Amino acid sequence: MTEQTEQTEQTEQTERTEQTERTEQTERTERTEQTEQTERTERTEERQALVSPPPPEAGKDRRVLRAVLRWTAVAVVFAAVGTATAYGITRQERTDLPGLATVSDGRWEYPEIVRPPLPSGSPAPFAEANKAAAHHADLRELVLPAPAGAKADKALRGEGGWLAAKDFLAEFASKEDRKAAGQVLTDYGLRHIAARGWTTQDGTHTRIYLLRFGTAAAADELFATELIHYDSPTYGVRGAEEFDRDEDFPEKTEFAHVTRSPYAETEPYGAEQVRQAYLSAGDTVALIVQSRKGTAEAVPFQQTVVLQSQLLS
């Protein structure tokens, strides 16, 4: 009986020992596999890091910026006037899309748009270091270029690219308005005017004026208190009688640091309809005017205003 008991105990002890060894072996194996898997993962990540593409070159970055300036705002604008499907495809040519080869959506084809370089050491207009919110870039290069096929308005070229104040004031219809606006510009310290004008093949005449002042505070106060009311501009431009605020601009086309007040001439029109918009951006105020026999189309006006806003933002 004693021998049998001892044998049983020995057998149980042996089984326990073997079970313990198997358990330890299993744990060692699992730890080894986990370690190997971790090492393989780390090696894979290292190889991926070594073969990852380099960051884009400066030239590519500039091309991306140009594409954003040229296309992003344009696509958003026309979604607001019922052509969201067409403008959801921003980089494809219309002739590449079945059924759209001959359909006009009203947009103009602008050239590649690039913000002008800043003088060495000068901050961007709305950088934290630029407390005055001054545009240090050449004002003449901040004026939106004309679209393809447009005929330039030579009267707005000025001398060396700078427009005389009297030529800007000629945009206003009445002698009283021209005199009053001229005095206001003097009072607020007007420094320079840069301008550009053109006429497209459909007869739309566009004029863009950029007015730079000594400080952003002066420009902002002029814009808010002297040039506009909510539902109409203060000074009437040539060829129009009554204006109302243009509410067709979607909010998504607004840009930080740029305040916009667009207006459209109300019916009955004269020979032409006129649209205009004032912009305020830092030390610069812009006036954009478009007129066309019959009706001045909304799409090119909004496109022009948005792209000029983007250049100033």
# chains A, B, ... in the order shown; residues from 1 in each chain; ligands from 1
$ closest_atom_pairs --of "region 120-170 of chain A" --to "region 288-309 of chain A" --cutoff "9 Å" --atoms "only C-alpha atoms" --output "Markdown table"
| residue | atom | partner | partner_atom | distance |
| --- | --- | --- | --- | --- |
| A:Leu142 | CA | A:Gln308 | CA | 8.1 |
| A:Val143 | CA | A:Gln308 | CA | 7.0 |
| A:Leu144 | CA | A:Gln308 | CA | 5.6 |
$ write_last_selection --atoms "N, CA and C atoms" --output "compact mmCIF listing (two decimals), in the first residue's frame"
# COMPACT_ATOMS: atom_id res chain seq x y z
N LEU A 142 -0.67 93.55 -57.20
CA LEU A 142 -1.80 92.95 -56.48
C LEU A 142 -3.12 93.12 -57.21
N VAL A 143 -3.10 93.87 -58.31
CA VAL A 143 -4.33 94.03 -59.11
C VAL A 143 -4.54 92.76 -59.94
N LEU A 144 -5.76 92.25 -59.92
CA LEU A 144 -6.08 91.04 -60.66
C LEU A 144 -5.79 91.21 -62.15
$ select_by_dssp --residues "region 141-217 of chain A" --states "alpha helix (DSSP H)" --output "VMD selection string"
chain A and resid 165 to 169 175 to 187 216 to 217
$ closest_residue --among "A:Ala218, A:Ala146, A:Leu211, A:Leu287" --to "His192 (chain A)" --atoms "only C-alpha atoms"
A:Leu211
$ closest_residue --among "A:Thr259, A:Ala155, A:His205, A:Phe172" --to "Glu221 (chain A)" --atoms "only C-alpha atoms"
A:Thr259
$ residues_around --residues "Thr266 (chain A)" --least-positions-apart "3" --cutoff "8 Å" --atoms "only C-alpha atoms" --output "MDAnalysis selection string"
chainID A and resid 242:244 269
$ write_last_selection --atoms "N, CA, C and O atoms" --output "short mmCIF file (atom, residue, chain, number, x, y, z; two decimals), in the first residue's frame"
data_model
loop_
_atom_site.label_atom_id
_atom_site.label_comp_id
_atom_site.auth_asym_id
_atom_site.auth_seq_id
_atom_site.Cartn_x
_atom_site.Cartn_y
_atom_site.Cartn_z
N GLU A 242 -29.82 103.46 -59.37
CA GLU A 242 -30.10 102.89 -58.06
C GLU A 242 -29.41 101.54 -57.90
O GLU A 242 -29.36 100.75 -58.84
N PHE A 243 -28.89 101.30 -56.69
CA PHE A 243 -28.25 100.03 -56.38
C PHE A 243 -28.92 99.37 -55.18
O PHE A 243 -29.54 100.04 -54.35
N ASP A 244 -28.78 98.07 -55.12
CA ASP A 244 -29.18 97.33 -53.94
C ASP A 244 -28.07 96.34 -53.61
O ASP A 244 -27.28 95.97 -54.50
N TYR A 269 -32.95 99.30 -65.65
CA TYR A 269 -31.61 99.72 -66.03
C TYR A 269 -31.70 100.75 -67.16
O TYR A 269 -32.73 100.89 -67.82
#
$ atom_distance --atom1 "CA of Glu267 (chain A)" --atom2 "CA of Leu156 (chain A)"
28.7 Å
